[in-house]
Each structure stands twice: as C-alpha cells, then as structure tokens.
>>> print(open('protein_27.txt').read())   # compact mmCIF, C-alpha atoms
# COMPACT_ATOMS: atom_id res chain seq x y z
CA MET R 43 32.70 -1.24 -11.11
CA GLU R 44 34.63 -0.48 -7.95
CA GLN R 45 35.80 -3.80 -6.53
CA GLU R 46 36.46 -2.46 -3.05
CA ARG R 47 32.99 -0.97 -2.55
CA TYR R 48 31.30 -4.38 -2.75
CA HIS R 49 34.20 -6.46 -1.40
CA ARG R 50 32.48 -7.62 1.79
CA GLN R 51 29.59 -9.16 -0.12
CA THR R 52 31.50 -10.44 -3.15
CA ILE R 53 33.74 -12.52 -0.85
CA LEU R 54 30.63 -14.26 0.48
CA ASP R 55 30.20 -17.91 -0.32
CA LYS R 56 27.32 -18.20 -2.87
CA PHE R 57 27.47 -14.50 -3.80
CA GLY R 58 30.69 -13.56 -5.55
CA GLN R 59 31.40 -11.28 -8.53
CA GLU R 60 28.82 -13.08 -10.60
CA ASN R 61 25.92 -12.00 -8.40
CA GLN R 62 27.38 -8.52 -8.02
CA LEU R 63 27.16 -8.25 -11.82
CA LYS R 64 23.54 -9.39 -11.70
CA LEU R 65 22.81 -6.55 -9.26
CA LYS R 66 24.58 -4.10 -11.54
CA ARG R 67 22.47 -5.18 -14.53
CA ALA R 68 19.15 -5.09 -12.62
CA LYS R 69 16.55 -2.34 -12.97
CA VAL R 70 14.31 -1.93 -9.92
CA LEU R 71 11.41 0.50 -9.52
CA VAL R 72 10.63 1.58 -5.96
CA ILE R 73 7.09 2.98 -5.73
CA GLY R 74 6.60 5.21 -2.70
CA ALA R 75 9.66 6.90 -1.16
CA GLY R 76 8.19 6.75 2.34
CA GLY R 77 8.80 4.60 5.41
CA LEU R 78 9.21 1.38 3.42
CA GLY R 79 10.73 2.98 0.34
CA CYS R 80 13.59 4.68 2.23
CA PRO R 81 15.35 1.53 3.51
CA VAL R 82 14.69 -0.31 0.25
CA LEU R 83 16.29 2.55 -1.71
CA GLN R 84 19.21 2.85 0.70
CA TYR R 85 20.14 -0.82 0.61
CA LEU R 86 19.57 -1.33 -3.11
CA ALA R 87 21.75 1.70 -3.83
CA ALA R 88 24.43 0.74 -1.32
CA MET R 89 24.58 -2.85 -2.58
CA GLY R 90 25.00 -1.74 -6.19
CA VAL R 91 21.70 -2.27 -8.05
CA GLY R 92 22.52 -0.67 -11.42
CA VAL R 93 19.31 1.25 -12.16
CA ILE R 94 16.90 2.36 -9.44
CA GLY R 95 13.69 4.21 -10.25
CA ILE R 96 11.83 6.19 -7.57
CA ALA R 97 8.16 7.02 -8.10
CA ASP R 98 6.51 9.41 -5.62
CA ASP R 99 4.54 12.67 -5.80
CA ASP R 100 4.75 13.68 -2.16
CA HIS R 101 6.63 16.36 -0.23
CA ILE R 102 8.58 15.68 2.96
CA ALA R 103 6.62 16.49 6.13
CA LEU R 104 7.95 16.82 9.67
CA SER R 105 5.72 13.89 10.71
CA ASN R 106 7.50 11.67 8.13
CA LEU R 107 10.95 11.98 9.71
CA HIS R 108 10.55 9.46 12.56
CA ARG R 109 10.43 6.65 9.97
CA GLN R 110 11.62 8.05 6.62
CA VAL R 111 15.31 8.04 7.42
CA LEU R 112 16.63 9.31 4.08
CA TYR R 113 15.40 12.82 4.92
CA SER R 114 16.58 15.58 7.27
CA THR R 115 14.71 18.27 9.15
CA SER R 116 15.96 20.86 6.64
CA ASP R 117 14.31 18.80 3.85
CA VAL R 118 10.77 19.45 5.13
CA GLY R 119 8.63 20.80 2.29
CA LYS R 120 10.94 19.50 -0.43
CA LEU R 121 10.07 16.77 -2.92
CA LYS R 122 10.79 13.23 -1.75
CA VAL R 123 12.00 12.02 -5.15
CA SER R 124 14.51 14.88 -5.47
CA GLN R 125 15.94 14.52 -1.97
CA ALA R 126 16.05 10.73 -2.17
CA ALA R 127 17.80 10.82 -5.55
CA MET R 128 20.36 13.33 -4.25
CA ARG R 129 21.18 11.25 -1.13
CA LEU R 130 21.44 8.01 -3.09
CA LYS R 131 23.76 9.53 -5.68
CA GLU R 132 25.99 10.77 -2.86
CA MET R 133 25.94 7.30 -1.34
CA ASN R 134 26.78 5.51 -4.58
CA PRO R 135 27.73 7.54 -7.67
CA GLU R 136 28.27 4.33 -9.70
CA ILE R 137 24.58 3.61 -10.13
CA GLU R 138 21.81 5.32 -12.07
CA ILE R 139 18.90 6.88 -10.19
CA ILE R 140 15.76 7.80 -12.15
CA SER R 141 13.20 10.09 -10.50
CA HIS R 142 9.54 9.79 -11.46
CA HIS R 143 7.85 12.76 -9.82
CA LEU R 144 4.28 11.62 -10.21
CA ARG R 145 1.46 9.70 -8.66
CA LEU R 146 0.89 6.48 -10.54
CA ASN R 147 -2.53 6.26 -12.16
CA SER R 148 -4.14 4.06 -14.78
CA ASN R 149 -3.00 6.40 -17.56
CA ASN R 150 0.71 6.58 -16.73
CA ILE R 151 1.50 3.34 -14.89
CA LEU R 152 2.17 0.95 -17.79
CA GLY R 153 4.75 3.28 -19.33
CA ILE R 154 6.52 3.75 -16.00
CA LEU R 155 6.63 0.04 -15.07
CA THR R 156 7.64 -1.40 -18.44
CA PRO R 157 11.41 -0.64 -18.47
CA TYR R 158 11.99 -2.18 -15.02
CA ASP R 159 12.74 -5.85 -14.17
CA PHE R 160 11.47 -5.78 -10.57
CA ILE R 161 8.82 -3.63 -8.90
CA PHE R 162 8.66 -2.77 -5.19
CA ASP R 163 5.34 -1.55 -3.79
CA GLY R 164 5.81 0.59 -0.68
CA THR R 165 2.82 2.85 -1.25
CA ASP R 166 0.38 3.97 1.42
CA ASN R 167 -3.04 3.35 -0.10
CA PHE R 168 -5.07 0.46 -1.46
CA GLU R 169 -6.09 2.23 -4.67
CA THR R 170 -2.48 2.44 -5.89
CA ARG R 171 -1.58 -1.00 -4.50
CA TYR R 172 -4.35 -2.71 -6.50
CA LEU R 173 -3.40 -0.75 -9.62
CA ILE R 174 0.27 -1.78 -9.23
CA ASN R 175 -0.76 -5.39 -8.59
CA ASP R 176 -3.01 -5.59 -11.65
CA CYS R 177 -0.41 -3.99 -13.93
CA CYS R 178 2.40 -6.21 -12.64
CA ALA R 179 0.16 -9.26 -13.25
CA LEU R 180 -0.58 -8.06 -16.79
CA LEU R 181 3.08 -7.29 -17.54
CA LYS R 182 4.29 -10.42 -15.65
CA LYS R 183 6.65 -8.27 -13.59
CA PRO R 184 7.90 -9.70 -10.29
CA LEU R 185 6.33 -7.58 -7.54
CA VAL R 186 7.70 -7.33 -4.01
CA PHE R 187 4.84 -6.22 -1.78
CA ALA R 188 5.32 -4.71 1.68
CA ALA R 189 2.84 -3.01 4.00
CA VAL R 190 2.82 -1.91 7.63
CA SER R 191 0.26 -1.05 10.27
CA ALA R 192 1.00 0.04 13.85
CA TYR R 193 3.44 -2.66 15.10
CA GLU R 194 2.92 -5.25 12.34
CA GLY R 195 4.07 -5.75 8.79
CA GLN R 196 3.35 -7.90 5.73
CA LEU R 197 5.77 -8.97 3.02
CA ALA R 198 5.20 -11.08 -0.11
CA ILE R 199 6.45 -11.71 -3.65
CA PHE R 200 3.90 -11.87 -6.46
CA ASN R 201 3.90 -12.63 -10.20
CA THR R 202 6.95 -14.82 -9.87
CA PRO R 203 6.49 -18.49 -10.79
CA ASP R 204 7.51 -21.00 -8.10
CA GLU R 205 9.08 -24.39 -8.87
CA ASN R 206 5.65 -25.64 -10.00
CA GLY R 207 5.11 -22.68 -12.31
CA LEU R 208 2.47 -21.13 -10.00
CA ALA R 209 2.44 -17.33 -9.79
CA THR R 210 0.02 -15.58 -7.43
CA ASN R 211 -0.91 -11.93 -6.98
CA TYR R 212 -2.37 -9.71 -4.24
CA ARG R 213 -5.94 -10.48 -5.34
CA ASP R 214 -5.31 -14.11 -4.36
CA LEU R 215 -5.13 -12.75 -0.82
CA PHE R 216 -7.66 -9.93 -0.93
CA PRO R 217 -9.70 -10.08 -4.17
CA ILE R 218 -11.49 -6.76 -3.67
CA ALA R 219 -9.94 -3.50 -2.48
CA PRO R 220 -11.24 -2.18 0.86
CA LYS R 221 -13.27 1.01 0.52
CA PRO R 222 -11.59 4.30 1.48
CA GLY R 223 -11.66 4.55 5.27
CA GLU R 224 -12.40 0.83 5.83
CA ILE R 225 -8.82 0.04 6.90
CA ALA R 226 -6.86 2.72 8.75
CA ASN R 227 -3.52 3.85 7.26
CA CYS R 228 -0.39 5.06 9.08
CA GLU R 229 -1.71 8.60 9.18
CA GLU R 230 -4.79 7.55 11.11
CA ASN R 231 -3.57 4.43 12.85
CA GLY R 232 0.04 5.33 13.67
CA VAL R 233 3.21 3.36 13.02
CA LEU R 234 6.32 2.84 15.14
CA GLY R 235 9.27 4.52 13.38
CA VAL R 236 11.52 1.48 13.17
CA LEU R 237 8.83 -0.91 11.85
CA PRO R 238 8.99 0.10 8.15
CA GLY R 239 12.78 0.05 8.58
CA ILE R 240 12.60 -3.65 9.48
CA ILE R 241 10.03 -4.62 6.85
CA GLY R 242 11.71 -2.44 4.18
CA SER R 243 15.11 -4.01 4.91
CA MET R 244 13.56 -7.47 4.63
CA ALA R 245 11.98 -6.39 1.32
CA ALA R 246 15.38 -5.18 0.04
CA ALA R 247 16.81 -8.60 0.94
CA GLU R 248 13.99 -10.33 -0.98
CA ILE R 249 14.64 -8.13 -4.04
CA VAL R 250 18.35 -9.02 -3.92
CA LYS R 251 17.43 -12.73 -3.59
CA LEU R 252 15.15 -12.47 -6.63
CA ILE R 253 17.81 -10.71 -8.71
CA THR R 254 20.62 -13.08 -7.83
CA GLY R 255 18.75 -16.34 -7.23
CA ILE R 256 20.31 -16.93 -3.81
CA GLY R 257 18.28 -18.48 -0.99
CA LYS R 258 14.53 -19.00 -0.95
CA PRO R 259 12.57 -15.82 -1.65
CA LEU R 260 9.01 -15.44 -0.29
CA ILE R 261 7.38 -16.46 -3.58
CA ASN R 262 3.65 -17.21 -3.10
CA LYS R 263 4.05 -16.69 0.64
CA LEU R 264 2.84 -13.93 2.92
CA LEU R 265 5.13 -13.21 5.83
CA HIS R 266 3.52 -11.47 8.78
CA TYR R 267 5.84 -9.82 11.33
CA ASN R 268 4.90 -8.60 14.78
CA LEU R 269 7.44 -6.16 16.21
CA LEU R 270 6.12 -6.37 19.78
CA THR R 271 6.57 -10.13 20.05
CA ASN R 272 9.18 -10.64 17.30
CA GLU R 273 6.93 -13.39 15.95
CA GLN R 274 6.85 -14.22 12.26
CA TYR R 275 3.97 -16.13 10.69
CA VAL R 276 4.25 -17.37 7.10
CA LEU R 277 1.15 -18.24 5.08
CA HIS R 278 1.17 -20.16 1.80
CA ILE R 279 -0.80 -18.47 -0.97
CA ASN R 280 -2.57 -20.44 -3.68
CA LYS R 281 -4.70 -19.32 -6.60
CA GLY R 282 -7.97 -17.60 -5.74
CA ILE R 283 -11.19 -18.33 -7.60
CA ASP R 284 -13.28 -15.22 -7.11
CA TYR R 285 -11.69 -12.34 -9.03
CA GLN R 286 -10.71 -11.23 -12.51
CA LEU R 287 -7.59 -9.34 -13.54
CA PRO R 288 -7.47 -6.92 -16.46
CA LYS R 289 -6.38 -8.92 -19.49
CA THR R 290 -5.25 -6.10 -21.78
CA GLU R 291 -3.59 -2.71 -21.48
CA ASN R 292 -6.86 -1.11 -22.59
CA GLU R 293 -8.66 -2.63 -19.64
CA ILE R 294 -6.14 -0.94 -17.33
CA LEU R 295 -6.72 2.40 -19.06
CA GLN R 296 -10.48 1.99 -18.67
CA THR R 297 -10.19 1.68 -14.90
CA ALA R 298 -9.41 5.41 -14.82
CA ASP R 299 -9.61 6.85 -11.33
CA SER R 300 -13.04 7.85 -10.11
CA PHE R 301 -11.48 10.89 -8.43
CA VAL R 302 -8.06 12.46 -8.10
CA GLU R 303 -6.20 13.13 -4.87
CA ILE R 304 -4.55 16.55 -4.91
CA ASN R 305 -2.09 18.56 -2.82
CA ILE R 306 -2.51 22.12 -1.55
CA GLU R 307 -0.89 23.75 -4.61
CA GLN R 308 -3.38 21.97 -6.86
CA LEU R 309 -6.22 23.03 -4.54
CA THR R 310 -5.03 26.65 -4.69
CA ALA R 311 -4.95 26.52 -8.47
CA LEU R 312 -8.43 24.97 -8.67
CA LYS R 313 -9.78 27.55 -6.21
CA LEU R 314 -8.93 30.32 -8.68
CA GLN R 315 -11.29 28.83 -11.26
CA SER R 316 -14.92 29.98 -11.18
CA SER R 317 -16.01 26.42 -12.12
CA THR R 318 -14.70 24.99 -8.83
CA LEU R 319 -16.73 24.21 -5.72
CA LEU R 320 -14.79 23.51 -2.51
CA VAL R 321 -16.66 21.31 -0.05
CA ASP R 322 -15.83 20.68 3.63
CA VAL R 323 -17.35 17.30 4.59
CA ARG R 324 -16.42 17.48 8.30
CA GLU R 325 -19.14 17.66 10.93
CA THR R 326 -20.17 21.12 12.15
CA HIS R 327 -18.32 20.85 15.49
CA GLU R 328 -14.91 20.07 13.95
CA LEU R 329 -12.10 22.63 14.13
CA PRO R 330 -10.63 24.68 12.56
CA LEU R 331 -13.75 26.38 11.22
CA LEU R 332 -13.31 27.39 7.61
CA ASN R 333 -14.70 30.43 5.85
CA THR R 334 -18.07 29.17 4.54
CA SER R 335 -18.00 31.56 1.60
CA ASP R 336 -14.95 29.67 0.30
CA PHE R 337 -15.76 26.18 1.59
CA LYS R 338 -19.29 24.89 1.35
CA LYS R 339 -20.24 22.84 4.41
CA ALA R 340 -21.69 19.39 3.61
CA PRO R 341 -21.08 17.09 6.63
CA MET R 342 -20.81 13.35 5.91
CA SER R 343 -23.67 12.65 8.37
CA SER R 344 -26.05 14.42 5.96
CA PHE R 345 -24.08 14.06 2.73
CA GLU R 346 -27.13 12.50 1.03
CA ASP R 347 -28.76 15.96 1.07
CA PHE R 348 -25.76 17.43 -0.74
CA LEU R 349 -25.87 14.57 -3.27
CA ASP R 350 -29.55 15.28 -3.91
CA SER R 351 -29.01 19.02 -4.43
CA ASP R 352 -28.22 20.55 -7.82
CA ILE R 353 -24.51 21.20 -8.21
CA ALA R 354 -23.60 23.56 -11.04
CA ALA R 355 -19.82 23.47 -10.52
CA LYS R 356 -17.85 21.25 -12.90
CA ASP R 357 -14.88 20.79 -10.58
CA ILE R 358 -15.58 19.67 -7.03
CA VAL R 359 -12.86 19.55 -4.36
CA LEU R 360 -13.65 17.65 -1.16
CA ILE R 361 -11.77 18.20 2.07
CA CYS R 362 -11.90 16.80 5.58
CA GLN R 363 -9.58 16.48 8.56
CA HIS R 364 -7.26 13.68 7.29
CA GLY R 365 -8.32 13.17 3.68
CA ILE R 366 -10.10 9.86 4.34
CA ARG R 367 -13.77 10.84 4.59
CA SER R 368 -13.28 13.17 1.62
CA GLN R 369 -12.37 10.09 -0.45
CA ALA R 370 -15.64 8.39 0.52
CA ALA R 371 -17.49 11.60 -0.41
CA ALA R 372 -15.59 11.73 -3.73
CA GLU R 373 -16.60 8.13 -4.48
CA ALA R 374 -20.24 8.96 -3.78
CA LEU R 375 -20.12 12.01 -6.08
CA HIS R 376 -18.43 9.96 -8.78
CA GLU R 377 -21.17 7.35 -8.55
CA LYS R 378 -23.74 10.06 -9.20
CA TYR R 379 -21.96 12.12 -11.85
CA GLY R 380 -19.44 9.75 -13.45
CA ALA R 381 -17.25 11.60 -15.95
CA ALA R 382 -19.62 14.61 -16.05
CA LYS R 383 -17.68 16.29 -13.22
CA ASN R 384 -14.04 16.37 -12.16
CA ILE R 385 -13.84 15.27 -8.55
CA PHE R 386 -10.87 15.89 -6.26
CA SER R 387 -10.00 14.97 -2.69
CA LEU R 388 -7.37 16.88 -0.69
CA LYS R 389 -4.76 14.26 0.23
CA GLY R 390 -3.88 14.31 3.93
CA GLY R 391 -6.71 16.76 4.66
CA ILE R 392 -6.62 19.91 6.76
CA VAL R 393 -4.18 18.40 9.28
CA LYS R 394 -1.52 17.85 6.62
CA TRP R 395 -1.85 21.41 5.24
CA LYS R 396 -2.54 23.14 8.56
CA ASN R 397 -0.41 26.17 7.68
CA TYR R 398 -2.70 26.87 4.74
CA PHE R 399 -5.89 26.51 6.75
CA SER R 400 -4.80 28.36 9.93
CA MET V 4 -13.66 -30.14 18.84
CA GLU V 5 -11.14 -27.42 19.49
CA ILE V 6 -9.17 -25.23 17.06
CA GLU V 7 -6.57 -22.52 17.54
CA ILE V 8 -7.49 -19.01 16.36
CA ILE V 9 -4.63 -16.64 15.47
CA THR V 10 -5.40 -13.02 14.59
CA PHE V 11 -3.47 -10.06 13.22
CA GLY V 12 -3.67 -6.27 12.94
CA LYS V 13 -6.98 -4.61 13.78
CA ILE V 14 -8.70 -7.99 14.01
CA ALA V 15 -6.46 -8.95 16.96
CA GLU V 16 -7.94 -5.99 18.87
CA PHE V 17 -11.35 -7.67 19.08
CA ILE V 18 -10.59 -11.37 18.49
CA HIS V 19 -7.75 -12.50 20.73
CA LYS V 20 -5.56 -15.51 20.06
CA GLN V 21 -7.47 -18.39 21.64
CA GLN V 22 -8.43 -22.04 21.67
CA LEU V 23 -11.95 -22.10 20.32
CA ASP V 24 -14.52 -24.80 20.92
CA CYS V 25 -16.20 -25.18 17.55
CA SER V 26 -18.18 -28.34 18.02
CA GLY V 27 -20.80 -28.60 15.30
CA ILE V 28 -18.71 -26.56 12.83
CA ALA V 29 -17.67 -28.74 9.91
CA ASP V 30 -15.78 -26.39 7.62
CA THR V 31 -14.28 -22.92 7.10
CA ASP V 32 -17.53 -21.50 5.68
CA GLY V 33 -19.29 -22.56 8.88
CA LEU V 34 -16.50 -21.04 10.94
CA LYS V 35 -16.87 -17.71 9.10
CA VAL V 36 -20.57 -17.57 9.88
CA MET V 37 -19.89 -18.39 13.54
CA LEU V 38 -17.11 -15.79 13.84
CA GLU V 39 -19.03 -13.01 12.10
CA LYS V 40 -21.99 -13.66 14.39
CA ALA V 41 -19.82 -13.62 17.52
CA TYR V 42 -17.78 -10.62 16.30
CA PRO V 43 -20.01 -8.40 14.11
CA ALA V 44 -17.07 -6.03 13.39
CA LEU V 45 -15.47 -8.82 11.36
CA ALA V 46 -18.43 -8.93 8.98
CA ASN V 47 -17.71 -5.34 7.92
CA MET V 48 -14.04 -5.94 7.14
CA LYS V 49 -11.99 -7.51 4.39
CA TYR V 50 -10.09 -10.50 5.76
CA LYS V 51 -8.69 -13.85 4.68
CA LEU V 52 -8.60 -17.14 6.55
CA ALA V 53 -5.62 -19.47 6.52
CA LEU V 54 -6.08 -23.08 7.62
CA ASN V 55 -2.89 -24.59 9.00
CA ARG V 56 -0.92 -21.76 7.31
CA ASN V 57 -2.55 -22.26 3.90
CA ILE V 58 -4.75 -19.49 2.52
CA VAL V 59 -8.36 -20.66 2.24
CA GLN V 60 -9.72 -20.01 -1.27
CA ASP V 61 -12.67 -22.39 -1.21
CA ASN V 62 -14.53 -24.09 1.61
CA LEU V 63 -12.29 -26.54 3.51
CA PRO V 64 -13.17 -29.10 6.22
CA ILE V 65 -11.94 -28.31 9.74
CA GLN V 66 -10.51 -30.96 12.03
CA ASN V 67 -9.72 -31.11 15.72
CA LEU V 68 -6.54 -29.14 16.67
CA ASP V 69 -6.39 -27.26 13.35
CA SER V 70 -5.11 -23.71 13.46
CA VAL V 71 -6.97 -20.93 11.69
CA ALA V 72 -5.37 -17.52 11.10
CA ILE V 73 -7.47 -14.43 10.33
CA MET V 74 -5.50 -11.88 8.31
CA PRO V 75 -6.62 -8.32 7.41
CA PRO V 76 -5.05 -6.28 4.58
CA PHE V 77 -2.52 -3.57 5.55
CA SER V 78 -2.02 -0.50 3.40
CA GLY V 79 0.56 1.57 5.30
CA GLY V 80 3.86 2.48 3.71
>>> encode(input="protein_27.txt", output="structure tokens")
Amino acid sequence: MEQERYHRQTILDKFGQENQLKLKRAKVLVIGAGGLGCPVLQYLAAMGVGVIGIADDDHIALSNLHRQVLYSTSDVGKLKVSQAAMRLKEMNPEIEIISHHLRLNSNNILGILTPYDFIFDGTDNFETRYLINDCCALLKKPLVFAAVSAYEGQLAIFNTPDENGLATNYRDLFPIAPKPGEIANCEENGVLGVLPGIIGSMAAAEIVKLITGIGKPLINKLLHYNLLTNEQYVLHINKGIDYQLPKTENEILQTADSFVEINIEQLTALKLQSSTLLVDVRETHELPLLNTSDFKKAPMSSFEDFLDSDIAAKDIVLICQHGIRSQAAAEALHEKYGAAKNIFSLKGGIVKWKNYFS
Amino acid sequence: MEIEIITFGKIAEFIHKQQLDCSGIADTDGLKVMLEKAYPALANMKYKLALNRNIVQDNLPIQNLDSVAIMPPFSGG
C-alpha cells in the first residue's frame, strides 16, 4: 500500500494506519452508478477501499451529466459501469473494481450481495430499493441508504445493530412500497445537480465510519437535508409493527418481478418476434405520434377496455412518455395474466429514447 | 393546544411548516385523521409521522408544544 497516497488521512488523530488497513480490507458494493453513486464511488476509491463493486445496467445520457460527475460528454451512450470502472482505476490503481453490468432482480441479487461487507443503495426506483432492503435484512448486511428529490435528500444506515442491539430497516420507515407513479423520481421531478453530490459525499463518509468505527454513524436514524435552507433534521427510527420481511432465500426468489423494465435494444429485439405486442399507453393527443401498425394505442384513461380485450401476444411491451405510466399498465396486465405473459415496460419512455422514436 | 408541524419533500408543497391548533386531538392517530381531512392529497400518499423526532410506529399521545414531522419516501438517485 502506498503510504504517501493516504498520508493526509493516516496522520489524523483517531484514524491512522490501522483504519487505513480496515479500508483496504473492506468490500463495498455500490448499487446505482448515478448521481449518488458517482461521489460515493469517487471517495471510496480515492480513500483506498480495497474492493469496490459497481452494479448498474444503464447507459450514460446527456441529461445525467449535470449531476453524475464521473462521466464526460464523450461518454454519452456508453455503459456507466464500464466508464466508472475505468475512471476509478485511473484514480487509484491499488484497489480492485468489480463491474456488475446488470439490473438487480430477485433472481440475481443474493449472489451479487453476498461477497460484500457493506452495501450502498443509490438506485432510482422503489422496486429495487425494497428488494435491496429485504435482501440486506435477510443477509444481515449493513446497508447505507441515500435518496434525493428536487432540493432535499435522505440518508440512513440499516441492518446495523446499535449499542442496544437494535437493527432497523427501510420498512420500519415505509412498510409498503409506493406504487409506480405515486412518488415522482428525478426524471419527472427534477434534481439540482449538486444535491446528490452532497448526499453521496455524506453517504461515503458514513460508509467509512462504519468500516473504521470512527465517530457516530447514522445507525437507526434518518437524516433529512434541505439544500435551500441548509437545514438538517434527524429522526430516530425504532422497530415497526406492521410489516413482514422475507425469512428465507426462497421467499426472495418467489417475489420475482411482476414485469421487467427494458432498454431500447431489448425493445428492438422483442419487436422482431411475432409473439410481441407493443402498446403505447399515452393519451391520443400526446406527441410524437407513433406508427399505429407497430404500436397499438391503449391510453391509460381507457386502459380497462384494453385489459378486457383478448390479447393473443405472449410478450407485451408497454411504452409511454417517461416510463412511469407504462409501469402502472404493466402492473395491471400482470394482475390479470400473472406468469402467463411476459410483460415489459420501456424504462425512461419515449423521451429517453427520442432518437429511436423520431 | 398547539403543536408544531414540520413537512418535507412533496408534502411541504401543500402542508407548510406551521403552528397548528389541535385542540380536541389526543393522539397521533387522531392527528392523522385531522390532517388527511384537511389535506386530502396526504391520504393518497405514503408518509411517516415523527413525534418529537421519533418515528411513530404505534399510536402515541400528543401534548402541548410537541413537534410532529411528516416525512414522505424519496426514490431519486
């Protein structure tokens, strides 16, 4: 280990070589290489965390760059995990970076999480957040949770016993996941570029505190931060009474996704199959208009009619403007057909893949 | 009886930080009913109350000058 690289932190009172070694021996998985994931990855790599995993299935978009500061304009269209891994290796060749180019689901998550000591959740949707929470609770993995919205952020540490042996999880805050579309995400709601930088940096600090044992990490506490006022509000979390966590690995596997979110390449591949029906759930006035011979129109305002009709196709792809309403439509179809049909929702919608649809 | 209401995220857009007269309200369950009646949008959202900075898991009595925070979930990354 290069002594000089970490000199300014190893000379710190209460840090020293001993804690630097703890960082070197730690394995941290960062889920989501987006606005929150970027600063977490940058600081963990710079500070010398020995093994850093990156799990993400997304490509870099121009609209990511105002907050996802690991990426350059020339990276647009490339895979986040590949670009992030390359930058981090340049930054610190002493550490190991492991890329997981995938979207976590109930089938793959346990295998991905198991080798790591600490998990960071910087994802952008409730479905994955609840899955990560439940698996971390089952595996008893310390989970650092961060989330942002507009000008505000949340930060907490779960599945880590406090001095009284109490360990809480996200369901102690919000027992049931909001439905798709119930709470706006960054794509719909907006987020100020620097906000995930602040919350992500605070999360990186909490991870380092957990690894080394310095200070007082936010165990069983939810920190709320307001960028506009610089106010912080800390809530104490205790055990909830109105939810159940999966108790076995099989129970996780049985919560298989009701539908799958796909990107444009997957849509293109599905479109080539005769068994696929592509459905546009936007209202009739919404632009751009799509070729109705390729995309069946079934607006959400009258989606019940579509649900009542006979659908022969085995694979159904739902699309809308931002990929939010299409998730609600996918849920409704899943409720009717269960495993009898494969249901897909185009992630990010027409806006995200506007070059394809123009 | 007066309590302080502190709100976050989307909830702060329709329930502002305020001193609320809640005479006749004995506990957090009663407060929820009152708030959801006064602000119907709240009834359609997931949220959690915190009484004096402690997350409310079961019904808790409310006293004069307590502070109640209303926290929505955030998903953005």
>>> closest_atom_pairs(input="protein_27.txt", of="chain V", to="chain R", cutoff="6 Å", atoms="only C-alpha atoms", output="Markdown table")
| residue | atom | partner | partner_atom | distance |
| --- | --- | --- | --- | --- |
| V:Arg56 | CA | R:Leu277 | CA | 4.7 |
| V:Asn57 | CA | R:His278 | CA | 4.8 |
| V:Ile58 | CA | R:Ile279 | CA | 5.4 |
| V:Gln60 | CA | R:Gly282 | CA | 5.4 |
| V:Phe77 | CA | R:Ala189 | CA | 5.6 |
| V:Ser78 | CA | R:Asn167 | CA | 5.3 |
| V:Gly79 | CA | R:Asp166 | CA | 4.6 |
| V:Gly80 | CA | R:Asp166 | CA | 4.4 |
>>> axis_aligned_box(input="protein_27.txt", around="segment 13-22 of chain V", padding_each_side="4 Å", output="lines of an AutoDock Vina configuration file")
center_x = -8.5
center_y = -13.3
center_z = 17.7
size_x = 13.8
size_y = 25.4
size_z = 15.9
>>> residues_near_point(input="protein_27.txt", point="(-27.7, 20.8, -8.7)", cutoff="12 Å", atoms="all atoms listed in the file", output="list of chain:residue names")
R:Leu319, R:Asp347, R:Phe348, R:Leu349, R:Asp350, R:Ser351, R:Asp352, R:Ile353, R:Ala354, R:Ala355, R:Lys356, R:Leu375, R:Lys378, R:Tyr379, R:Lys383
>>> write_last_selection(input="protein_27.txt", atoms="C-alpha atoms", output="PDB file, in the coordinates of the input")
ATOM      1  CA  LEU R 319     -16.730  24.210  -5.720  1.00  0.00           C
ATOM      2  CA  ASP R 347     -28.760  15.960   1.070  1.00  0.00           C
ATOM      3  CA  PHE R 348     -25.760  17.430  -0.740  1.00  0.00           C
ATOM      4  CA  LEU R 349     -25.870  14.570  -3.270  1.00  0.00           C
ATOM      5  CA  ASP R 350     -29.550  15.280  -3.910  1.00  0.00           C
ATOM      6  CA  SER R 351     -29.010  19.020  -4.430  1.00  0.00           C
ATOM      7  CA  ASP R 352     -28.220  20.550  -7.820  1.00  0.00           C
ATOM      8  CA  ILE R 353     -24.510  21.200  -8.210  1.00  0.00           C
ATOM      9  CA  ALA R 354     -23.600  23.560 -11.040  1.00  0.00           C
ATOM     10  CA  ALA R 355     -19.820  23.470 -10.520  1.00  0.00           C
ATOM     11  CA  LYS R 356     -17.850  21.250 -12.900  1.00  0.00           C
ATOM     12  CA  LEU R 375     -20.120  12.010  -6.080  1.00  0.00           C
ATOM     13  CA  LYS R 378     -23.740  10.060  -9.200  1.00  0.00           C
ATOM     14  CA  TYR R 379     -21.960  12.120 -11.850  1.00  0.00           C
ATOM     15  CA  LYS R 383     -17.680  16.290 -13.220  1.00  0.00           C
TER      16      LYS R 383
END
>>> residues_around(input="protein_27.txt", residues="Thr10 of chain V", least_positions_apart="2", cutoff="7 Å", atoms="all atoms listed in the file", output="PDB file with C-alpha atoms, in the frame of the given file")
ATOM      1  CA  ILE V   8      -7.490 -19.010  16.360  1.00  0.00           C
ATOM      2  CA  ILE V  14      -8.700  -7.990  14.010  1.00  0.00           C
ATOM      3  CA  ALA V  15      -6.460  -8.950  16.960  1.00  0.00           C
ATOM      4  CA  ILE V  18     -10.590 -11.370  18.490  1.00  0.00           C
ATOM      5  CA  HIS V  19      -7.750 -12.500  20.730  1.00  0.00           C
ATOM      6  CA  LYS V  20      -5.560 -15.510  20.060  1.00  0.00           C
ATOM      7  CA  ALA V  72      -5.370 -17.520  11.100  1.00  0.00           C
ATOM      8  CA  ILE V  73      -7.470 -14.430  10.330  1.00  0.00           C
ATOM      9  CA  MET V  74      -5.500 -11.880   8.310  1.00  0.00           C
TER      10      MET V  74
END
>>> atom_distance(input="protein_27.txt", atom1="atom CA of Leu173 of chain R", atom2="atom CA of Pro75 of chain V")
18.9 Å
>>> atom_distance(input="protein_27.txt", atom1="atom CA of Ala53 of chain V", atom2="atom CA of Asp69 of chain V")
10.4 Å
>>> atom_distance(input="protein_27.txt", atom1="atom CA of Gly255 of chain R", atom2="atom CA of Leu155 of chain R")
21.8 Å
>>> residues_around(input="protein_27.txt", residues="Met4 of chain V", least_positions_apart="6", cutoff="8 Å", atoms="only C-alpha atoms", output="list in words")
Asp24, Cys25, Ser26, Gln66, Asn67 and Leu68 of chain V
>>> write_last_selection(input="protein_27.txt", atoms="C-alpha atoms", output="PDB file, keeping the file's coordinate frame")
ATOM      1  CA  ASP V  24     -14.520 -24.800  20.920  1.00  0.00           C
ATOM      2  CA  CYS V  25     -16.200 -25.180  17.550  1.00  0.00           C
ATOM      3  CA  SER V  26     -18.180 -28.340  18.020  1.00  0.00           C
ATOM      4  CA  GLN V  66     -10.510 -30.960  12.030  1.00  0.00           C
ATOM      5  CA  ASN V  67      -9.720 -31.110  15.720  1.00  0.00           C
ATOM      6  CA  LEU V  68      -6.540 -29.140  16.670  1.00  0.00           C
TER       7      LEU V  68
END
>>> closest_residue(input="protein_27.txt", among="R:Val323, R:Asp99, R:His108, R:Gln296", to="Ser344 of chain R", atoms="all atoms listed in the file")
R:Val323
>>> closest_residue(input="protein_27.txt", among="V:Met37, V:Ile65, V:Leu23, V:Ile9", to="Lys51 of chain V", atoms="all atoms listed in the file")
V:Ile9
